[in-house]
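Reading through the structure tokens given below for one structure.
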Amino acid sequence: MTQLPLPPLELRELVGPTDPAVFDNPGGGPIWDGLPDEAWRSYLDFGCGCGRSARRLLQQRPRPQRYLGIDLHAGMVQWCKENLAADGFDYQHHDVYNAGFNPDPHRPWVLPFPVEDRSVSIIEATSVFTHLLEAQAEHYLDEVARVLTDDGLLICTFFLFDKAGFPFMQDSQNALYINETDPTNAVVFDRGWLDRGLAERELALVAAVPPQIRGFHHRLRIGRAGAGRPAVPWPPDDAPYGRNPPPLVRAGADRFGLSDGAFTEAAAVHVRAPMPPTDLLLPELDAAQARIVELEAEVTSLRRRVRRLRRRLRRLREASSSRGAGRQWASNLVRRRKG
């Protein structure tokens, strides 16, 4: 087959691993082990990025009969369309808001998967739920339950913790965030929350691989409960400690891969996190309230002036009335004398 293009380094840096080997599948074997051939009939790549899985699946035997890659980064989707096109393979921009990769605030925070109910046999979500707010994760777990076939699998990664060790958290709070500027930079979910969420959606954990670095990616396979695959317990996370921080987002990263996008030289690194910006509406509100006080004072002054003017007018009318009465008396006196 024709050698497939490799995504440019600048796009690979946005998704994490940059080694060309992780984008390649020269042997043509399945990128996920232990799956029967019929499992590959329909593949939804949720967060396809610049084609790490798509490029390997194009080399795989058997290929997925239908593949749809969706991602919120328009430039990476465009690159996949132009360089990884093939029969049965399609790519769509999942046009939802993200502070670094799709920062238009008019965009919604979630959208439905663009597929029919119970139509997808494999959903991949590598490093996706690790970057979703709790409400977003709830929505997309709903979507998984909607579109997964009876024998289908969600193959995904999660950062997980035990909420029992955080007694100050409310019942409604089930996620930890590490970045005050962009909370989606990395999100850690309570394992109990995920257990309950799967049960509520009639889903079950059917395979789990613990992290190789303690606290890092749990690699999970999730299917429909009661579909002939027994649920498995959570394995202990007793790996050695280490570091693997997420990529820093460069300025203008949302335009990389598009005609008006320009690669920047340096990632945005802060020695100390900036304070959250002041709400720009607050100074306007303060100014409006101050103006209201000024106007109220002017109204009070005008009311006093009106009252003074009314009293003066009343006195003038009374005086005028008195003068008019005096003139009338004098006129009557003159007529009587003449008479």
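Following the order of the structure tokens, first chain is A, next is B, and so on, with residues numbered from 1 inside each chain and ligands from 1 in the order they appear.
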
Next on the checklist: So that I can check the secondary structure, give me every residue of range 71-313 of chain A assigned alpha helix (DSSP H) by backbone DSSP, as an MDAnalysis selection string.
Outcome noted: chainID A and resid 74:83 134:147 191:200 281:313

With DSSP run on the backbone, what are the strand (DSSP E or B) residues within range 106-242 of chain A? I'd like them as a PDB file with C-alpha atoms, in the first residue's frame.
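What landed in out-v7.pdb:
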```pdb
ATOM      1  CA  VAL A 120     -21.172   1.301  16.984  1.00  0.00           C
ATOM      2  CA  SER A 121     -19.296  -1.853  17.960  1.00  0.00           C
ATOM      3  CA  ILE A 122     -16.097  -0.107  19.162  1.00  0.00           C
ATOM      4  CA  ILE A 123     -15.884   3.364  20.688  1.00  0.00           C
ATOM      5  CA  GLU A 124     -12.388   4.591  21.395  1.00  0.00           C
ATOM      6  CA  ALA A 125     -11.903   7.470  23.836  1.00  0.00           C
ATOM      7  CA  LEU A 148     -23.100   1.094  21.641  1.00  0.00           C
ATOM      8  CA  THR A 149     -24.221  -2.220  20.128  1.00  0.00           C
ATOM      9  CA  ASP A 150     -25.214  -5.059  22.418  1.00  0.00           C
ATOM     10  CA  ASP A 151     -21.788  -6.677  21.955  1.00  0.00           C
ATOM     11  CA  GLY A 152     -19.909  -3.384  21.669  1.00  0.00           C
ATOM     12  CA  LEU A 153     -17.081  -1.974  23.761  1.00  0.00           C
ATOM     13  CA  LEU A 154     -15.991   1.433  24.951  1.00  0.00           C
ATOM     14  CA  ILE A 155     -12.183   1.397  25.082  1.00  0.00           C
ATOM     15  CA  CYS A 156     -11.107   4.405  27.109  1.00  0.00           C
ATOM     16  CA  THR A 157      -8.794   5.936  29.679  1.00  0.00           C
ATOM     17  CA  PHE A 158      -9.634   7.644  32.977  1.00  0.00           C
ATOM     18  CA  PHE A 159      -7.767   9.355  35.779  1.00  0.00           C
ATOM     19  CA  LEU A 160      -9.351   7.989  38.973  1.00  0.00           C
ATOM     20  CA  PHE A 161      -9.204   8.618  42.719  1.00  0.00           C
ATOM     21  CA  ALA A 175     -14.033  15.412  40.038  1.00  0.00           C
ATOM     22  CA  LEU A 176     -10.710  17.045  40.831  1.00  0.00           C
ATOM     23  CA  TYR A 177      -9.219  19.737  38.583  1.00  0.00           C
ATOM     24  CA  VAL A 187      -9.600  15.868  35.260  1.00  0.00           C
ATOM     25  CA  VAL A 188      -9.573  13.106  37.890  1.00  0.00           C
ATOM     26  CA  PHE A 189     -12.874  11.292  38.610  1.00  0.00           C
ATOM     27  CA  ASP A 190     -14.066   9.465  41.686  1.00  0.00           C
ATOM     28  CA  LEU A 203     -23.022  -0.647  31.463  1.00  0.00           C
ATOM     29  CA  ALA A 204     -20.272  -2.606  33.192  1.00  0.00           C
ATOM     30  CA  LEU A 205     -16.500  -2.634  33.519  1.00  0.00           C
ATOM     31  CA  VAL A 206     -15.331  -5.767  31.679  1.00  0.00           C
ATOM     32  CA  ALA A 207     -11.559  -5.179  31.654  1.00  0.00           C
ATOM     33  CA  ALA A 208      -9.192  -2.820  33.472  1.00  0.00           C
ATOM     34  CA  VAL A 209      -5.450  -2.313  33.293  1.00  0.00           C
ATOM     35  CA  HIS A 218      -6.473   3.530  33.940  1.00  0.00           C
ATOM     36  CA  ARG A 219      -7.110   1.676  30.653  1.00  0.00           C
ATOM     37  CA  LEU A 220     -10.681   0.421  30.681  1.00  0.00           C
ATOM     38  CA  ARG A 221     -13.062  -1.602  28.552  1.00  0.00           C
ATOM     39  CA  ILE A 222     -16.748  -1.017  29.186  1.00  0.00           C
ATOM     40  CA  GLY A 223     -19.647  -2.946  27.671  1.00  0.00           C
ATOM     41  CA  ARG A 224     -23.344  -3.496  28.171  1.00  0.00           C
TER      42      ARG A 224
END
```

Checklist entry - Any idea what's packed within 7 Å of range 10-23 of chain A, counting only C-alpha atoms, ignoring anything in its chain fewer than 3 positions away? Could you give it as a PyMOL selection string? => result chain A and resi 7+49-50+52-53+55-56+76+246-247

Checklist entry - Taking only C-alpha atoms into account, which of A:Arg107, A:Arg303, A:His73, A:His217 comes nearest Arg255 in chain A? => result A:His73

Item to check | A:Asp95, A:Arg250, A:Asn102, A:Glu202 ranked by distance to Ala227 in chain A, top pick (using only C-alpha atoms) | outcome: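 Closest to Ala227 in chain A of all the choices is A:Glu202.
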
Checklist entry - Closest to Ile70 in chain A among A:Ala186, A:Leu313, A:Leu58, A:Val128, using only C-alpha atoms? => result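 Among the listed residues, A:Val128 lies closest to Ile70 in chain A.
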
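The list of residues with at least one atom within 10 Å of Gln92 in chain A, based on only C-alpha atoms and without residues fewer than 2 positions apart in the same chain, reads Cys48, Leu68, Gly69, Ile70, Asp71, Leu72, His73, Ala74, Val77, Gln78, Cys80, Lys81, Asp90, His94, Asp95 and Pro114 of chain A.
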
Checklist entry - Looking at A:Arg307, A:Arg201, A:Arg191, A:Arg146, which one is nearest to Asp237 in chain A, with distances taken over only C-alpha atoms? => result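 For Asp237 in chain A, the nearest of the candidates is A:Arg191.
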